[in-house]
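Everything below concerns the one structure shown next.
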Amino acid sequence: FMFWLTKKEPQKTSFISQFINYSVPSLLIFVTYFTFYLEISSIFDRHAENTKINTTPNAKTPSYVYNYSLGYIKNVWLHIYTLIYATILVVINLYKAKNNTLAVVNIIINCLALLIFLTGGLLMLSEIRDAYLYQSENYFRMGAGSLLLRYIAYAVLGIFLYYNFLLCKSSLFGKKLSTAFYYVLYITILWLLSSELLHILALSGLKSGYKLGLSILWGSYSLILIAIGIWKNKKYIRIGAIGLFGITLLKLFLYDITQLNTIAKTIAFVALGVLLLIISFLYNKYKHLIIDDVKTEN
């Protein structure tokens, strides 16, 4: 909103004016974000404090236990809030402010928010799953409903990515960022699929099979990307898919093969062999499209 106001004013070149034009909106964004961030954190902290139980009521020195799993839930909601806040900033810029400088700030904030969610956010979601699976406390129990928080986070992330797509395709950038966005999108999807596979394996009691599962998942995903690259005539997608398949093969030979038993090795080699044959078939069948790659705007 502050960017939108300053955009309407005549251009000023003084240092003080430039400092105000950039520092005041930045301060507004910073203060607004942390105001709600600290409030959400405070709500969960108060709730956790209310769960304390004195396990030694007859002792002179009381010993308290708390519902520590609320800390994981709090962190996930803080990650969700960060994605929502970043999305709101993008929406304001797309439909109201339409400011190029704010668009650059949007991209920086969104990249940080996405990276933090894919690392810290998914880690907290896995901690919630483990707390549900391995409950040992006698005082607090975590219900299966807590696992649904993962899919709430996914839904918010989907909205976040959609508006970032609109931002990258908008006229706010002199050079379109759609190609870079698609790279980020496909990496994010692979990251989420890998996390979801680990989640399902853990819930199924097959956590030890994650190495084989990830190799097959990555190989299948690279095949899908190659098909998309041929269908959409996008060279960068095909190159990225081939790179992913190469990484999968290296992972299989340098890491997985030393840890898998004979049956698992056979399954992995057969599955990846079939994928390799399909990829070769697609390239041979559509090589005329690949060689005569039409240069389209990405």
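Following the order of the structure tokens, first chain is A, next is B, and so on, with residues numbered from 1 inside each chain and ligands from 1 in the order they appear.
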Listing only residues of range 65-145 of chain A within 12 Å of range 37-61 of chain A, what is the closest atom pair and its distance in Å (to one decimal) for each, using only C-alpha atoms, sorted by chain and residue number ascending, as CSV?
residue,atom,partner,partner_atom,distance
A:Val65,CA,A:Lys52,CA,5.4
A:Tyr66,CA,A:Lys52,CA,4.5
A:Asn67,CA,A:Thr51,CA,6.1
A:Tyr68,CA,A:Ala48,CA,7.4
A:Ser69,CA,A:Ala48,CA,9.0
A:Leu70,CA,A:Ala48,CA,6.5
A:Gly71,CA,A:Phe44,CA,7.6
A:Tyr72,CA,A:Phe44,CA,10.2
A:Ile73,CA,A:Phe44,CA,8.6
A:Lys74,CA,A:Phe44,CA,6.0
A:Asn75,CA,A:Ser41,CA,8.2
A:Val76,CA,A:Ser41,CA,10.7
A:Trp77,CA,A:Ile40,CA,8.1
A:Leu78,CA,A:Tyr37,CA,6.7
A:His79,CA,A:Tyr37,CA,9.6
A:Ile80,CA,A:Tyr37,CA,10.6
A:Tyr81,CA,A:Tyr37,CA,7.5
A:Thr82,CA,A:Tyr37,CA,8.1
A:Leu83,CA,A:Tyr37,CA,11.7
A:Ile84,CA,A:Tyr37,CA,11.4
A:Tyr85,CA,A:Tyr37,CA,9.9
A:Glu137,CA,A:Thr55,CA,11.9
A:Asn138,CA,A:Thr55,CA,10.6
A:Tyr139,CA,A:Ile53,CA,8.1
A:Phe140,CA,A:Thr51,CA,8.9
A:Arg141,CA,A:Thr51,CA,11.9
Go through range 158-228 of chain A and flag each residue having an atom no more than 12 Å from range 129-135 of chain A; for those, report the closest pair of atoms plus their distance in Å to one decimal, using only C-alpha atoms, ordered by chain and rising number, as a tab-separated table.
residue	atom	partner	partner_atom	distance
A:Ser195	CA	A:Arg129	CA	11.8
A:Glu196	CA	A:Arg129	CA	11.4
A:Leu198	CA	A:Arg129	CA	10.7
A:His199	CA	A:Arg129	CA	7.7
A:Ile200	CA	A:Arg129	CA	10.1
A:Leu201	CA	A:Arg129	CA	11.4
A:Ala202	CA	A:Asp130	CA	8.4
A:Leu203	CA	A:Leu133	CA	7.5
A:Ser204	CA	A:Leu133	CA	10.4
A:Gly205	CA	A:Leu133	CA	9.7
A:Lys207	CA	A:Asp130	CA	11.5
Export of the given selection (N, CA and C atoms) as a short mmCIF file (atom, residue, chain, number, x, y, z; two decimals), in the first residue's frame:
data_model
loop_
_atom_site.label_atom_id
_atom_site.label_comp_id
_atom_site.auth_asym_id
_atom_site.auth_seq_id
_atom_site.Cartn_x
_atom_site.Cartn_y
_atom_site.Cartn_z
N SER A 195 8.88 -36.21 0.27
CA SER A 195 8.46 -36.11 1.66
C SER A 195 7.20 -36.93 1.92
N GLU A 196 6.26 -36.88 0.98
CA GLU A 196 5.02 -37.63 1.14
C GLU A 196 5.27 -39.13 1.09
N LEU A 198 8.03 -40.65 2.08
CA LEU A 198 8.58 -41.00 3.39
C LEU A 198 7.50 -41.02 4.46
N HIS A 199 6.55 -40.10 4.35
CA HIS A 199 5.44 -40.04 5.30
C HIS A 199 4.59 -41.31 5.22
N ILE A 200 4.25 -41.71 4.01
CA ILE A 200 3.41 -42.90 3.82
C ILE A 200 4.15 -44.16 4.27
N LEU A 201 5.43 -44.25 3.94
CA LEU A 201 6.21 -45.42 4.36
C LEU A 201 6.30 -45.51 5.87
N ALA A 202 6.45 -44.36 6.52
CA ALA A 202 6.54 -44.36 7.99
C ALA A 202 5.21 -44.80 8.61
N LEU A 203 4.10 -44.30 8.07
CA LEU A 203 2.80 -44.69 8.60
C LEU A 203 2.50 -46.17 8.34
N SER A 204 3.08 -46.70 7.26
CA SER A 204 2.84 -48.10 6.90
C SER A 204 3.80 -49.05 7.60
N GLY A 205 4.75 -48.51 8.34
CA GLY A 205 5.74 -49.36 9.00
C GLY A 205 6.82 -49.86 8.07
N LYS A 207 9.42 -47.94 6.85
CA LYS A 207 10.35 -46.81 6.78
C LYS A 207 11.71 -47.22 6.21
#
Between CA of Ser215 in chain A and CA of Leu249 in chain A, what is the distance, to one decimal in Å?
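That distance, rounded to one decimal, is 8.0 Å.
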From a DSSP pass on the backbone, collect the residues of range 39-280 of chain A flagged as helix (DSSP H, G or I) and hand them back as a ChimeraX atom specification.
/A:39-50,69-97,100-133,144-169,178-203,207-232,235-256,262-280
So how far away is CA of Leu161 in chain A from CA of Lys98 in chain A, in Å?
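Computing the Euclidean distance for CA of Lys98 in chain A and CA of Leu161 in chain A yields 18.6 Å.
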Pick from A:Tyr221, A:Tyr33, A:Phe281, A:Phe173: nearest to Asn100 in chain A, with only C-alpha atoms counted?
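Result for the nearest residue to Asn100 in chain A: A:Phe173.
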If you take only C-alpha atoms and a cut-off of 12 Å, which residues of range 91-157 of chain A touch range 179-187 of chain A, and what are their nearest atom pairs and distances in Å to one decimal, in chain and number order, as a Markdown table?
| residue | atom | partner | partner_atom | distance |
| --- | --- | --- | --- | --- |
| A:Ile107 | CA | A:Phe181 | CA | 10.2 |
| A:Asn110 | CA | A:Val184 | CA | 11.3 |
| A:Cys111 | CA | A:Val184 | CA | 9.2 |
| A:Leu114 | CA | A:Val184 | CA | 9.6 |
| A:Leu115 | CA | A:Val184 | CA | 10.2 |
| A:Leu118 | CA | A:Ile187 | CA | 10.5 |
| A:Leu157 | CA | A:Leu185 | CA | 11.0 |
Keeping only C-alpha atoms, take the residues you just selected and write them out as a PDB file, in the first residue's frame.
ATOM      1  CA  ILE A 107      10.531 -12.697  -5.228  1.00  0.00           C
ATOM      2  CA  ASN A 110       8.966 -15.818  -1.491  1.00  0.00           C
ATOM      3  CA  CYS A 111      12.180 -17.697  -2.261  1.00  0.00           C
ATOM      4  CA  LEU A 114       9.635 -21.493   0.206  1.00  0.00           C
ATOM      5  CA  LEU A 115      13.120 -22.653   1.170  1.00  0.00           C
ATOM      6  CA  LEU A 118      10.702 -27.106   2.405  1.00  0.00           C
ATOM      7  CA  LEU A 157       1.627 -23.805  -0.469  1.00  0.00           C
TER       8      LEU A 157
END
So that I can check the secondary structure, give me every residue of range 21-255 of chain A assigned strand (DSSP E or B) by backbone DSSP, as a PyMOL selection string.
chain A and resi 53-54+64-65
Hey, can you check how far CA of Ala113 in chain A sits from CA of Ala86 in chain A?
7.6 Å
